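Asks: This is the content of start.csv (CSV, C-alpha atoms):
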chain,number,residue,atom,x,y,z
A,1,MET,CA,-92.6,189.4,126.8
A,2,THR,CA,-94.5,190.3,123.6
A,3,GLU,CA,-98.0,189.2,122.8
A,4,THR,CA,-98.7,188.2,119.2
A,5,THR,CA,-102.3,188.2,117.9
A,6,VAL,CA,-102.9,185.8,115.0
A,7,GLY,CA,-105.9,186.7,112.9
A,8,ILE,CA,-108.5,183.9,112.4
A,9,GLY,CA,-111.7,183.9,110.5
A,10,GLY,CA,-112.9,187.5,109.8
A,11,ALA,CA,-109.8,189.1,111.1
A,12,ALA,CA,-107.6,187.4,108.5
A,13,GLU,CA,-109.3,189.3,105.7
A,14,SER,CA,-107.3,192.5,106.7
A,15,THR,CA,-104.0,190.6,106.9
A,16,ASP,CA,-101.5,191.1,104.0
A,17,MET,CA,-100.4,187.9,102.3
A,18,VAL,CA,-97.2,187.4,100.5
A,19,LEU,CA,-97.7,185.4,97.3
A,20,ASN,CA,-94.8,184.1,95.0
A,21,ILE,CA,-95.7,183.8,91.4
A,22,GLY,CA,-93.1,181.6,89.7
A,23,PRO,CA,-90.3,181.0,89.1
A,24,GLN,CA,-92.0,178.1,87.4
A,25,HIS,CA,-95.4,179.7,86.6
A,26,PRO,CA,-96.5,179.2,83.0
A,27,SER,CA,-97.5,182.8,82.6
A,28,THR,CA,-94.0,184.2,83.4
A,29,HIS,CA,-92.5,183.2,80.0
A,30,GLY,CA,-89.8,181.3,81.8
A,31,VAL,CA,-88.1,181.4,85.2
A,32,LEU,CA,-89.2,184.8,86.4
A,33,ARG,CA,-90.4,185.2,90.0
A,34,LEU,CA,-92.8,187.8,91.2
A,35,ARG,CA,-93.1,188.5,94.9
A,36,LEU,CA,-96.5,190.0,95.5
A,37,VAL,CA,-98.0,191.4,98.7
A,38,LEU,CA,-101.8,191.1,98.6
A,39,ASP,CA,-104.6,192.7,100.5
A,40,GLY,CA,-107.4,190.4,99.6
A,41,GLU,CA,-107.6,190.3,95.8
A,42,ARG,CA,-105.7,193.5,95.3
A,43,ILE,CA,-101.9,193.8,94.9
A,44,VAL,CA,-100.2,196.1,97.4
A,45,SER,CA,-96.7,195.8,96.2
A,46,ALA,CA,-94.8,193.8,93.6
A,47,GLU,CA,-91.1,192.9,93.3
A,48,PRO,CA,-89.7,191.1,90.2
A,49,VAL,CA,-87.0,188.6,91.4
A,50,VAL,CA,-84.7,187.9,88.4
A,51,GLY,CA,-81.5,186.0,87.9
A,52,TYR,CA,-82.7,182.4,87.7
A,53,MET,CA,-81.4,182.1,84.1
A,54,HIS,CA,-78.2,184.1,84.5
A,55,ARG,CA,-75.3,182.5,82.8
A,56,GLY,CA,-72.7,185.2,83.0
A,57,ALA,CA,-72.7,186.1,79.3
A,58,GLU,CA,-70.9,189.4,79.9
A,59,LYS,CA,-68.0,187.6,81.6
A,60,LEU,CA,-67.9,185.0,78.9
A,61,PHE,CA,-67.4,187.7,76.3
A,62,GLU,CA,-64.0,188.5,77.9
A,63,ALA,CA,-62.8,184.9,77.2
A,64,ARG,CA,-63.8,184.8,73.5
A,65,ASP,CA,-62.3,186.5,70.5
A,66,TYR,CA,-64.3,188.9,68.3
A,67,ARG,CA,-65.5,186.1,66.0
A,68,GLN,CA,-66.7,183.9,68.8
A,69,ILE,CA,-68.7,186.5,70.8
A,70,VAL,CA,-71.3,186.6,68.1
A,71,MET,CA,-72.4,183.2,69.2
A,72,LEU,CA,-72.9,184.3,72.8
A,73,ALA,CA,-74.7,187.5,71.8
A,74,ASN,CA,-77.5,185.9,69.8
A,75,ARG,CA,-78.8,183.8,72.6
A,76,HIS,CA,-80.0,186.0,75.4
A,77,ASP,CA,-83.2,187.1,73.5
A,78,TRP,CA,-83.8,183.9,71.6
A,79,LEU,CA,-86.6,185.5,69.6
A,80,SER,CA,-84.4,188.3,68.3
A,81,ALA,CA,-81.1,186.4,67.6
A,82,PHE,CA,-80.2,188.3,64.4
A,83,SER,CA,-80.8,191.7,66.0
A,84,ASN,CA,-78.6,190.7,68.9
A,85,GLU,CA,-75.7,189.7,66.7
A,86,LEU,CA,-76.1,192.9,64.8
A,87,GLY,CA,-75.4,195.2,67.8
A,88,VAL,CA,-72.2,193.4,68.7
A,89,VAL,CA,-70.7,193.3,65.3
A,90,MET,CA,-71.6,197.0,64.8
A,91,ALA,CA,-69.8,197.9,68.0
A,92,VAL,CA,-66.6,196.0,66.9
A,93,GLU,CA,-66.8,197.6,63.4
A,94,ARG,CA,-67.1,201.0,65.0
A,95,MET,CA,-64.0,200.3,67.0
A,96,LEU,CA,-62.1,199.2,63.9
A,97,GLY,CA,-63.5,202.1,61.8
A,98,MET,CA,-64.6,199.5,59.3
A,99,GLU,CA,-67.0,200.3,56.4
A,100,VAL,CA,-69.4,197.5,55.5
A,101,PRO,CA,-70.3,196.8,51.8
A,102,GLU,CA,-73.6,198.3,50.6
A,103,ARG,CA,-75.0,195.0,49.7
A,104,ALA,CA,-74.4,193.7,53.3
A,105,VAL,CA,-76.0,196.8,54.8
A,106,TRP,CA,-79.3,196.2,52.9
A,107,MET,CA,-79.2,192.5,53.6
A,108,ARG,CA,-78.7,193.2,57.3
A,109,THR,CA,-81.6,195.7,57.3
A,110,LEU,CA,-83.9,193.1,55.5
A,111,LEU,CA,-83.0,190.3,57.9
A,112,ALA,CA,-83.4,192.5,60.9
A,113,GLU,CA,-86.9,193.4,59.9
A,114,LEU,CA,-87.8,189.8,59.2
A,115,ASN,CA,-86.5,188.9,62.6
A,116,ARG,CA,-88.6,191.7,64.1
A,117,VAL,CA,-91.7,190.2,62.5
A,118,LEU,CA,-90.8,186.7,63.8
A,119,ASN,CA,-90.4,188.2,67.3
A,120,HIS,CA,-93.7,190.1,67.2
A,121,LEU,CA,-95.7,187.2,65.8
A,122,MET,CA,-94.8,185.1,68.8
A,123,PHE,CA,-96.2,187.7,71.2
A,124,LEU,CA,-99.2,188.4,69.0
A,125,GLY,CA,-100.1,184.7,69.4
A,126,SER,CA,-99.0,184.0,73.0
A,127,TYR,CA,-100.6,187.1,74.6
A,128,PRO,CA,-104.2,186.1,73.7
A,129,LEU,CA,-103.3,182.6,74.8
A,130,GLU,CA,-102.5,183.9,78.3
A,131,LEU,CA,-105.9,185.5,78.4
A,132,GLY,CA,-107.7,182.3,77.4
A,133,GLY,CA,-107.8,182.6,73.6
A,134,ILE,CA,-106.0,179.5,72.1
A,135,THR,CA,-106.7,180.0,68.4
A,136,PRO,CA,-104.2,182.9,67.6
A,137,ILE,CA,-101.1,180.9,68.7
A,138,PHE,CA,-101.7,178.4,65.9
A,139,HIS,CA,-102.0,181.2,63.4
A,140,ALA,CA,-98.8,182.8,64.7
A,141,PHE,CA,-96.8,179.6,64.4
A,142,ARG,CA,-98.1,179.1,60.8
A,143,GLU,CA,-97.0,182.6,59.8
A,144,ARG,CA,-93.7,182.3,61.6
A,145,GLU,CA,-93.0,179.1,59.7
A,146,GLU,CA,-93.2,180.9,56.4
A,147,LEU,CA,-90.5,183.3,57.4
A,148,GLN,CA,-88.5,180.7,59.4
A,149,ALA,CA,-88.1,178.7,56.2
A,150,VAL,CA,-86.4,181.6,54.3
A,151,MET,CA,-84.3,182.5,57.4
A,152,GLU,CA,-83.2,178.9,57.7
A,153,GLU,CA,-82.3,178.6,54.1
A,154,ILE,CA,-80.0,181.6,54.2
A,155,SER,CA,-78.3,180.9,57.5
A,156,GLY,CA,-78.8,177.2,58.3
A,157,GLY,CA,-80.4,178.1,61.7
A,158,ARG,CA,-84.0,178.4,62.8
A,159,MET,CA,-83.4,180.4,66.0
A,160,HIS,CA,-79.7,181.2,66.3
A,161,TYR,CA,-78.8,182.3,62.9
A,162,MET,CA,-75.1,183.1,63.3
A,163,PHE,CA,-75.2,185.0,60.0
A,164,ASN,CA,-73.6,188.3,61.0
A,165,ARG,CA,-69.8,188.6,60.9
A,166,VAL,CA,-67.5,191.5,61.8
A,167,GLY,CA,-67.3,193.4,58.5
A,168,GLY,CA,-70.5,192.1,56.9
A,169,LEU,CA,-72.3,188.7,56.6
A,170,LYS,CA,-71.3,185.1,56.5
A,171,GLU,CA,-72.0,184.7,52.7
A,172,ASP,CA,-74.1,185.9,49.9
A,173,LEU,CA,-77.8,185.0,49.2
A,174,PRO,CA,-78.6,181.7,47.6
A,175,ALA,CA,-79.9,181.7,44.0
A,176,GLY,CA,-83.6,182.7,43.9
A,177,TRP,CA,-83.7,183.6,47.6
A,178,LEU,CA,-85.0,187.1,47.1
A,179,GLY,CA,-88.0,185.7,45.2
A,180,ARG,CA,-88.8,183.2,47.9
A,181,ALA,CA,-88.4,185.8,50.6
A,182,ARG,CA,-90.8,188.1,48.8
A,183,ALA,CA,-93.4,185.3,48.5
A,184,ALA,CA,-93.1,184.5,52.2
A,185,VAL,CA,-93.6,188.2,53.2
A,186,ALA,CA,-96.6,188.4,50.8
A,187,VAL,CA,-98.2,185.3,52.4
A,188,VAL,CA,-97.8,186.7,55.9
A,189,ARG,CA,-99.2,190.1,54.9
A,190,THR,CA,-102.4,188.4,53.6
A,191,ARG,CA,-102.9,186.6,56.9
A,192,MET,CA,-102.4,189.6,59.3
A,193,ASP,CA,-106.1,190.3,59.4
A,194,VAL,CA,-106.3,187.3,61.9
A,195,TYR,CA,-104.7,189.6,64.5
A,196,ASP,CA,-106.5,192.7,63.3
A,197,LYS,CA,-110.0,191.1,63.6
A,198,LEU,CA,-109.9,187.9,65.5
A,199,VAL,CA,-107.7,189.3,68.4
A,200,HIS,CA,-107.8,193.1,68.3
A,201,GLY,CA,-111.5,193.2,67.4
A,202,ASN,CA,-112.5,190.7,70.0
A,203,GLU,CA,-114.7,192.3,72.7
A,204,ILE,CA,-113.5,189.9,75.4
A,205,PHE,CA,-109.9,190.7,74.6
A,206,ARG,CA,-110.5,194.4,74.6
A,207,GLY,CA,-112.5,194.1,77.9
A,208,ARG,CA,-109.5,192.4,79.6
A,209,THR,CA,-106.9,194.9,78.3
A,210,ARG,CA,-108.5,198.4,78.0
A,211,GLY,CA,-107.6,200.6,80.9
A,212,VAL,CA,-105.6,197.8,82.6
A,213,GLY,CA,-102.0,198.3,83.7
A,214,VAL,CA,-101.6,202.0,82.7
A,215,LEU,CA,-97.9,202.9,82.5
A,216,SER,CA,-97.2,206.7,82.6
A,217,ALA,CA,-94.6,208.4,80.4
A,218,GLU,CA,-92.9,209.5,83.6
A,219,ALA,CA,-92.5,205.9,84.7
A,220,VAL,CA,-91.2,205.0,81.2
A,221,HIS,CA,-88.4,207.6,81.5
A,222,ALA,CA,-87.7,206.7,85.2
A,223,TYR,CA,-87.2,203.0,84.5
A,224,GLY,CA,-85.6,203.3,81.0
A,225,VAL,CA,-88.4,201.4,79.4
A,226,SER,CA,-88.1,201.3,75.6
A,227,GLY,CA,-89.6,199.7,72.5
A,228,PRO,CA,-93.3,199.2,71.8
A,229,ILE,CA,-94.1,199.4,75.6
A,230,ALA,CA,-92.6,202.9,75.8
A,231,ARG,CA,-94.3,204.1,72.6
A,232,ALA,CA,-97.6,202.8,73.9
A,233,SER,CA,-97.3,205.4,76.7
A,234,GLY,CA,-96.7,208.3,74.3
A,235,VAL,CA,-92.9,208.2,74.3
A,236,ASP,CA,-92.1,208.9,70.6
A,237,PHE,CA,-88.6,207.4,70.3
A,238,ASP,CA,-87.2,205.0,67.8
A,239,LEU,CA,-83.5,204.7,67.0
A,240,ARG,CA,-84.3,203.7,63.4
A,241,ARG,CA,-85.7,207.1,62.9
A,242,ASP,CA,-83.9,209.3,65.5
A,243,GLU,CA,-80.4,207.9,65.1
A,244,PRO,CA,-80.5,205.9,61.8
A,245,TYR,CA,-78.1,203.0,61.4
A,246,LEU,CA,-77.8,200.4,58.6
A,247,ALA,CA,-80.1,201.5,55.7
A,248,TYR,CA,-82.8,203.0,57.8
A,249,GLY,CA,-81.8,206.5,56.8
A,250,GLU,CA,-83.0,205.7,53.3
A,251,LEU,CA,-86.2,204.1,54.5
A,252,GLN,CA,-87.7,207.1,56.3
A,253,ASP,CA,-90.6,207.4,53.9
A,254,VAL,CA,-91.6,203.8,54.7
A,255,LEU,CA,-90.7,203.7,58.4
A,256,LYS,CA,-93.6,204.5,60.7
A,257,VAL,CA,-93.1,204.9,64.4
A,258,VAL,CA,-96.3,203.7,66.0
A,259,THR,CA,-97.3,205.5,69.2
A,260,ARG,CA,-100.3,205.5,71.6
A,261,THR,CA,-101.1,207.7,74.6
A,262,GLU,CA,-103.2,205.4,76.7
A,263,GLY,CA,-100.3,203.4,78.1
A,264,ASP,CA,-102.6,200.4,78.9
A,265,CYS,CA,-102.3,196.7,77.9
A,266,LEU,CA,-104.5,197.3,74.8
A,267,ALA,CA,-102.3,200.2,73.6
A,268,ARG,CA,-99.1,198.0,74.0
A,269,PHE,CA,-100.7,195.3,71.9
A,270,GLU,CA,-101.8,197.8,69.3
A,271,CYS,CA,-98.3,199.2,69.0
A,272,LEU,CA,-96.9,195.7,68.6
A,273,LEU,CA,-99.5,194.8,65.9
A,274,GLU,CA,-99.0,198.0,63.9
A,275,GLN,CA,-95.2,197.7,64.2
A,276,THR,CA,-95.5,194.2,62.7
A,277,HIS,CA,-97.4,195.6,59.7
A,278,ASN,CA,-94.7,198.3,59.3
A,279,ALA,CA,-91.8,195.8,59.6
A,280,LEU,CA,-93.4,193.8,56.7
A,281,ASP,CA,-93.6,197.1,54.7
A,282,LEU,CA,-89.9,197.7,55.4
A,283,ALA,CA,-89.0,194.2,54.4
A,284,VAL,CA,-90.7,194.7,51.0
A,285,ALA,CA,-88.8,198.1,50.5
A,286,CYS,CA,-85.5,196.3,51.3
A,287,LEU,CA,-86.3,193.5,48.8
A,288,ASP,CA,-87.1,196.2,46.1
A,289,ARG,CA,-83.9,197.9,46.8
A,290,MET,CA,-81.8,194.7,46.7
A,291,ALA,CA,-83.3,193.7,43.4
A,292,ASP,CA,-81.6,196.9,41.9
A,293,LEU,CA,-78.2,196.4,43.6
A,294,PRO,CA,-75.4,195.1,41.4
A,295,PRO,CA,-73.5,191.9,42.5
A,296,GLY,CA,-70.8,192.7,45.0
A,297,PRO,CA,-69.1,191.6,48.2
A,298,VAL,CA,-71.0,191.0,51.4
A,299,ASN,CA,-68.1,191.2,53.8
A,300,GLN,CA,-64.6,192.6,54.4
A,301,ARG,CA,-61.5,190.5,54.3
A,302,LEU,CA,-60.2,190.2,57.9
A,303,PRO,CA,-56.8,189.2,59.3
A,304,LYS,CA,-56.4,185.8,60.8
A,305,VAL,CA,-56.3,187.3,64.3
A,306,LEU,CA,-58.7,190.2,64.7
A,307,LYS,CA,-57.7,192.8,67.3
A,308,ALA,CA,-59.6,195.9,68.1
A,309,PRO,CA,-57.6,199.0,68.9
A,310,GLU,CA,-57.4,200.3,72.4
A,311,GLY,CA,-60.4,202.4,73.4
A,312,ALA,CA,-64.1,202.2,74.1
A,313,THR,CA,-67.3,202.6,72.1
A,314,TYR,CA,-71.1,202.2,72.6
A,315,ALA,CA,-73.4,200.9,69.9
A,316,TRP,CA,-77.2,200.6,70.3
A,317,THR,CA,-79.9,199.2,68.1
A,318,GLU,CA,-83.7,199.3,68.1
A,319,ASN,CA,-84.3,195.6,68.8
A,320,PRO,CA,-87.8,194.1,68.5
A,321,LEU,CA,-88.4,194.4,72.3
A,322,GLY,CA,-86.7,197.8,72.8
A,323,ILE,CA,-83.2,199.4,72.9
A,324,ASN,CA,-80.2,197.1,73.1
A,325,GLY,CA,-76.9,198.7,73.9
A,326,TYR,CA,-73.4,197.3,73.7
A,327,TYR,CA,-70.6,199.1,75.6
A,328,LEU,CA,-67.3,197.7,74.3
A,329,VAL,CA,-63.9,198.3,76.0
A,330,SER,CA,-60.7,197.1,74.3
A,331,LYS,CA,-57.1,196.9,75.5
A,332,GLY,CA,-55.9,196.1,72.0
A,333,GLU,CA,-56.2,192.4,72.4
A,334,LYS,CA,-58.1,189.8,70.3
A,335,THR,CA,-60.7,189.5,73.1
A,336,PRO,CA,-62.9,192.3,74.6
A,337,TYR,CA,-61.6,193.7,77.9
A,338,ARG,CA,-65.2,194.4,78.8
A,339,LEU,CA,-68.5,194.1,76.9
A,340,LYS,CA,-71.5,195.4,78.8
A,341,LEU,CA,-74.9,194.5,77.5
A,342,ARG,CA,-77.9,196.7,78.1
A,343,SER,CA,-80.9,194.5,77.3
A,344,ALA,CA,-84.4,195.9,76.7
A,345,SER,CA,-86.3,193.3,78.8
A,346,PHE,CA,-84.2,194.0,81.9
A,347,ASN,CA,-85.3,197.6,82.1
A,348,ASN,CA,-88.9,196.9,80.8
A,349,ILE,CA,-89.6,194.4,83.5
A,350,GLN,CA,-88.7,196.7,86.3
A,351,ALA,CA,-91.8,198.7,85.5
A,352,LEU,CA,-93.9,196.0,87.1
A,353,ALA,CA,-93.0,197.5,90.5
A,354,VAL,CA,-95.2,200.5,89.6
A,355,LEU,CA,-97.6,198.8,87.2
A,356,LEU,CA,-99.0,196.0,89.5
A,357,PRO,CA,-99.7,197.8,92.8
A,358,GLY,CA,-103.4,198.7,93.0
A,359,GLN,CA,-104.4,196.1,90.4
A,360,LEU,CA,-106.4,192.9,90.9
A,361,VAL,CA,-104.6,189.5,90.9
A,362,ALA,CA,-106.9,188.6,88.0
A,363,ASP,CA,-105.4,191.3,85.9
A,364,MET,CA,-101.8,190.4,86.8
A,365,VAL,CA,-101.3,187.9,83.9
A,366,ALA,CA,-102.8,190.5,81.4
A,367,ILE,CA,-100.3,193.1,82.6
A,368,LEU,CA,-97.4,190.7,82.7
A,369,GLY,CA,-98.0,189.4,79.2
A,370,SER,CA,-98.3,192.9,77.8
A,371,LEU,CA,-94.7,193.7,78.7
A,372,PHE,CA,-93.5,191.3,75.9
A,373,PHE,CA,-90.3,190.2,77.6
A,374,VAL,CA,-87.9,187.3,77.2
A,375,VAL,CA,-86.5,186.0,80.5
A,376,GLY,CA,-83.1,185.2,78.9
A,377,ASP,CA,-82.9,188.9,77.9
A,378,ILE,CA,-83.5,189.9,81.5
A,379,ASP,CA,-81.0,187.6,83.1
A,380,LYS,CA,-78.3,187.7,80.4
Please lay out the structure from this file as structure tokens.
Replies:
Amino acid sequence: MTETTVGIGGAAESTDMVLNIGPQHPSTHGVLRLRLVLDGERIVSAEPVVGYMHRGAEKLFEARDYRQIVMLANRHDWLSAFSNELGVVMAVERMLGMEVPERAVWMRTLLAELNRVLNHLMFLGSYPLELGGITPIFHAFREREELQAVMEEISGGRMHYMFNRVGGLKEDLPAGWLGRARAAVAVVRTRMDVYDKLVHGNEIFRGRTRGVGVLSAEAVHAYGVSGPIARASGVDFDLRRDEPYLAYGELQDVLKVVTRTEGDCLARFECLLEQTHNALDLAVACLDRMADLPPGPVNQRLPKVLKAPEGATYAWTENPLGINGYYLVSKGEKTPYRLKLRSASFNNIQALAVLLPGQLVADMVAILGSLFFVVGDIDK
């Protein structure tokens, strides 16, 4: 016979409590669940519980041909749809040994950087919102709308652009589009001081984020963390510079890899903010280069039934939230035999297991928001 003592009153203060945050909590960016073990107000351990949005995209890839999988690929990180498409078509093009026209290469680079700005603006606005500052989110949506308008004009979509094709892009630019894109970028650049001063310069914001949720470089390597979060911890790695693809090899004088050494919430926000400034600079450089390009094709002519040769390849891109990898295996059919997706948010969110223990519950939302993840990108 075993006696069980139940703590009541003062004794209960030393009893660990299990607290579930989510999966419907507003601060988890969607259906993410955190299982926390608390000792009073301090977190003892944390376990991210993922999979509530899993729709089996990797299995669906196997039942779609190489034209159709682009639609599946652009949906997991709904803030980075163009970049998601890009990785898949690059993998297929590598399997086919296909060369993409120069005009399409520069267009892809331009649109990828505009998509990066759209992604970052959402987090630059929503992160202060989670800490109690409502004003920046209205500015973020206003700036996003400027760029959404030109992205919608060129592709017809506001979130899921479906503009990449194997061998290039869907179609050429509309007449006068380069000028309208340049004007939109110029407007957004003039408004970026909202985030530099109103948010980054706010003493309450800095007090809530400085020294909170420090992620070490060792943890970054252990968990495979990438993107602005890894660079905020001093890991100086960016595929656009270290393994250039598209036109990034010719943009090295404009490309700036932003790093910090502190590894806290403030450093992650600073990396995201400076990277947004740099993405706008890269977009201007692409617009300048495209103005000098002669007219030409933007895609390759493809057979009616597109089949990749038997073999395997791995393509990876520097997505807005980190490294996205696509491991493609082909058996010579019109559908992939296997397409494994390595999404940035899936690895990044695992770091919560080492970030949250020892922190106060009050700082949990600040740490969670600073990881800049999309739940669809975690669950695939």
Asks: Pick from A:Arg103, A:His120, A:Arg231, A:Arg144: nearest to Phe373 (chain A), with all atoms listed in the file counted?
Replies: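 Counting all atoms listed in the file, the residue closest to Phe373 (chain A) is A:His120.
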Asks: Could you give me, as a PyMOL selection string, the residues within 12 Å of Glu333 (chain A), counting all atoms listed in the file and dropping anything in the same chain fewer than 5 positions from it?
Replies: chain A and resi 62-66+305-311+338
Asks: May I have the selected residues written with C-alpha atoms, as a CSV table (one decimal), keeping the file's coordinate frame?
Replies:
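The resulting selection-v3.csv:
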chain,number,residue,atom,x,y,z
A,62,GLU,CA,-64.0,188.5,77.9
A,63,ALA,CA,-62.8,184.9,77.2
A,64,ARG,CA,-63.8,184.8,73.5
A,65,ASP,CA,-62.3,186.5,70.5
A,66,TYR,CA,-64.3,188.9,68.3
A,305,VAL,CA,-56.3,187.3,64.3
A,306,LEU,CA,-58.7,190.2,64.7
A,307,LYS,CA,-57.7,192.8,67.3
A,308,ALA,CA,-59.6,195.9,68.1
A,309,PRO,CA,-57.6,199.0,68.9
A,310,GLU,CA,-57.4,200.3,72.4
A,311,GLY,CA,-60.4,202.4,73.4
A,338,ARG,CA,-65.2,194.4,78.8
Asks: Just want the 12 Å neighbourhood of Met98 (chain A), counted on all atoms listed in the file, with same-chain residues fewer than 2 positions away dropped. Output as a PyMOL selection string.
Replies: chain A and resi 89-96+100-101+166-168+299-302+308-309
Asks: Please, what distance in Å, to one decimal, runs between CA of Asp379 (chain A) and CA of Met122 (chain A)?
Replies: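 Computing it gives 20.0 Å between the two atoms.
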Asks: I'd like to know which of A:Asn278, A:Asn74, A:Ser330, A:Asn164 is closest to Leu251 (chain A), using all atoms listed in the file.
Replies: A:Asn278
Asks: Pick out the residues sitting within 10 Å of Asn319 (chain A), and hand them over as a PyMOL selection string; count only C-alpha atoms, and ignore anything fewer than 4 positions along from it in its own chain.
Replies: chain A and resi 77+80-84+86-87+112-113+115-116+119+226-227+238-240+323-325+343-344
Asks: Find, counting all atoms listed in the file, the residue in A:Thr317, A:Leu368, A:Met53, A:Val194 that gets nearest to Asp242 (chain A).
Replies: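 Checking each candidate against Asp242 (chain A), we get A:Thr317 as the closest.
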Asks: Step by step: start from the point (-91.7, 178.4, 61.1) in the file's coordinates, keep every protein, DNA or RNA residue that has an atom no farther than 12 Å from it, count all atoms listed in the file, and write the set as a list of chain:residue names.
Replies: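 Within the cut-off we find A:Asn115, A:Val117, A:Leu118, A:Asn119, A:Leu121, A:Met122, A:Phe138, A:His139, A:Ala140, A:Phe141, A:Arg142, A:Glu143, A:Arg144, A:Glu145, A:Glu146, A:Leu147, A:Gln148, A:Ala149, A:Val150, A:Met151, A:Glu152, A:Glu153, A:Gly157, A:Arg158, A:Met159, A:Ala184, A:Val188.
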Asks: Which is closest to Ala232 (chain A) among A:Ser126, A:Asn348, A:Gln252, A:Thr259, if we use all atoms listed in the file?
Replies: A:Thr259
Asks: Can you tell me which residues surround Leu371 (chain A) at a distance of at most 10 Å, considering all atoms listed in the file, apart from same-chain residues fewer than 2 positions away, and format the answer as a list in words?
Replies: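 Residues near the query, excluding close chain neighbours: Phe123, Tyr127, Gly213, Val225, Pro228, Ile229, Ala230, Cys265, Arg268, Phe269, Leu321, Ser345, Asn348, Ile349, Ala351, Leu352, Ala366, Ile367, Leu368, Gly369, Phe373 and Val374 of chain A.
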Asks: Would you please work out which residue, of A:Val31, A:Val70, A:Ile137, A:Val329, is nearest to Gly51 (chain A) when using only C-alpha atoms?
Replies: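 For Gly51 (chain A), the nearest of the candidates is A:Val31.
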Asks: Using CA of Ser155 (chain A) and CA of Val298 (chain A) as the two end points, give the distance in Å to one decimal.
Replies: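 For CA of Ser155 (chain A) relative to CA of Val298 (chain A), the distance reads 13.9 Å.
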Asks: When you look at Tyr195 (chain A) with a cut-off of 8 Å (counting all atoms listed in the file), what residues show up, excluding the ones that are within fewer than 6 positions of it in the same chain? I need them as a ChimeraX atom specification.
Replies: /A:124,136,273
Asks: How would region 48-59 of chain A look with N, CA, C and O atoms restored, written as a JSON list (two decimals), in the coordinates of the input?
Replies:
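That gives us rebuild.json:
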[["chain", "number", "residue", "atom", "x", "y", "z"],
["A", 48, "PRO", "N", -90.20, 192.16, 91.14],
["A", 48, "PRO", "CA", -89.70, 191.10, 90.20],
["A", 48, "PRO", "C", -88.36, 190.59, 90.76],
["A", 48, "PRO", "O", -87.45, 191.36, 91.07],
["A", 49, "VAL", "N", -88.25, 189.28, 90.89],
["A", 49, "VAL", "CA", -87.00, 188.60, 91.40],
["A", 49, "VAL", "C", -86.40, 187.94, 90.15],
["A", 49, "VAL", "O", -86.95, 186.96, 89.65],
["A", 50, "VAL", "N", -85.28, 188.46, 89.68],
["A", 50, "VAL", "CA", -84.70, 187.90, 88.40],
["A", 50, "VAL", "C", -83.36, 187.25, 88.76],
["A", 50, "VAL", "O", -82.86, 187.29, 89.88],
["A", 51, "GLY", "N", -82.82, 186.59, 87.74],
["A", 51, "GLY", "CA", -81.50, 186.00, 87.90],
["A", 51, "GLY", "C", -81.49, 184.46, 87.83],
["A", 51, "GLY", "O", -80.43, 183.85, 87.87],
["A", 52, "TYR", "N", -82.65, 183.84, 87.71],
["A", 52, "TYR", "CA", -82.70, 182.40, 87.70],
["A", 52, "TYR", "C", -82.07, 181.77, 86.45],
["A", 52, "TYR", "O", -81.69, 180.61, 86.44],
["A", 53, "MET", "N", -82.00, 182.55, 85.38],
["A", 53, "MET", "CA", -81.40, 182.10, 84.10],
["A", 53, "MET", "C", -80.05, 182.71, 83.84],
["A", 53, "MET", "O", -79.51, 182.57, 82.74],
["A", 54, "HIS", "N", -79.50, 183.42, 84.80],
["A", 54, "HIS", "CA", -78.20, 184.10, 84.50],
["A", 54, "HIS", "C", -77.11, 183.16, 84.27],
["A", 54, "HIS", "O", -76.90, 182.21, 85.02],
["A", 55, "ARG", "N", -76.41, 183.38, 83.15],
["A", 55, "ARG", "CA", -75.30, 182.50, 82.80],
["A", 55, "ARG", "C", -73.98, 183.23, 82.62],
["A", 55, "ARG", "O", -73.01, 182.66, 82.12],
["A", 56, "GLY", "N", -73.96, 184.49, 83.01],
["A", 56, "GLY", "CA", -72.70, 185.20, 83.00],
["A", 56, "GLY", "C", -72.20, 185.53, 81.60],
["A", 56, "GLY", "O", -70.99, 185.48, 81.35],
["A", 57, "ALA", "N", -73.11, 185.87, 80.67],
["A", 57, "ALA", "CA", -72.70, 186.10, 79.30],
["A", 57, "ALA", "C", -71.66, 187.22, 79.18],
["A", 57, "ALA", "O", -70.71, 187.12, 78.39],
["A", 58, "GLU", "N", -71.83, 188.28, 79.97],
["A", 58, "GLU", "CA", -70.90, 189.40, 79.90],
["A", 58, "GLU", "C", -69.49, 189.01, 80.27],
["A", 58, "GLU", "O", -68.51, 189.51, 79.72],
["A", 59, "LYS", "N", -69.37, 188.12, 81.23],
["A", 59, "LYS", "CA", -68.00, 187.60, 81.60],
["A", 59, "LYS", "C", -67.48, 186.67, 80.58],
["A", 59, "LYS", "O", -66.27, 186.67, 80.31]]
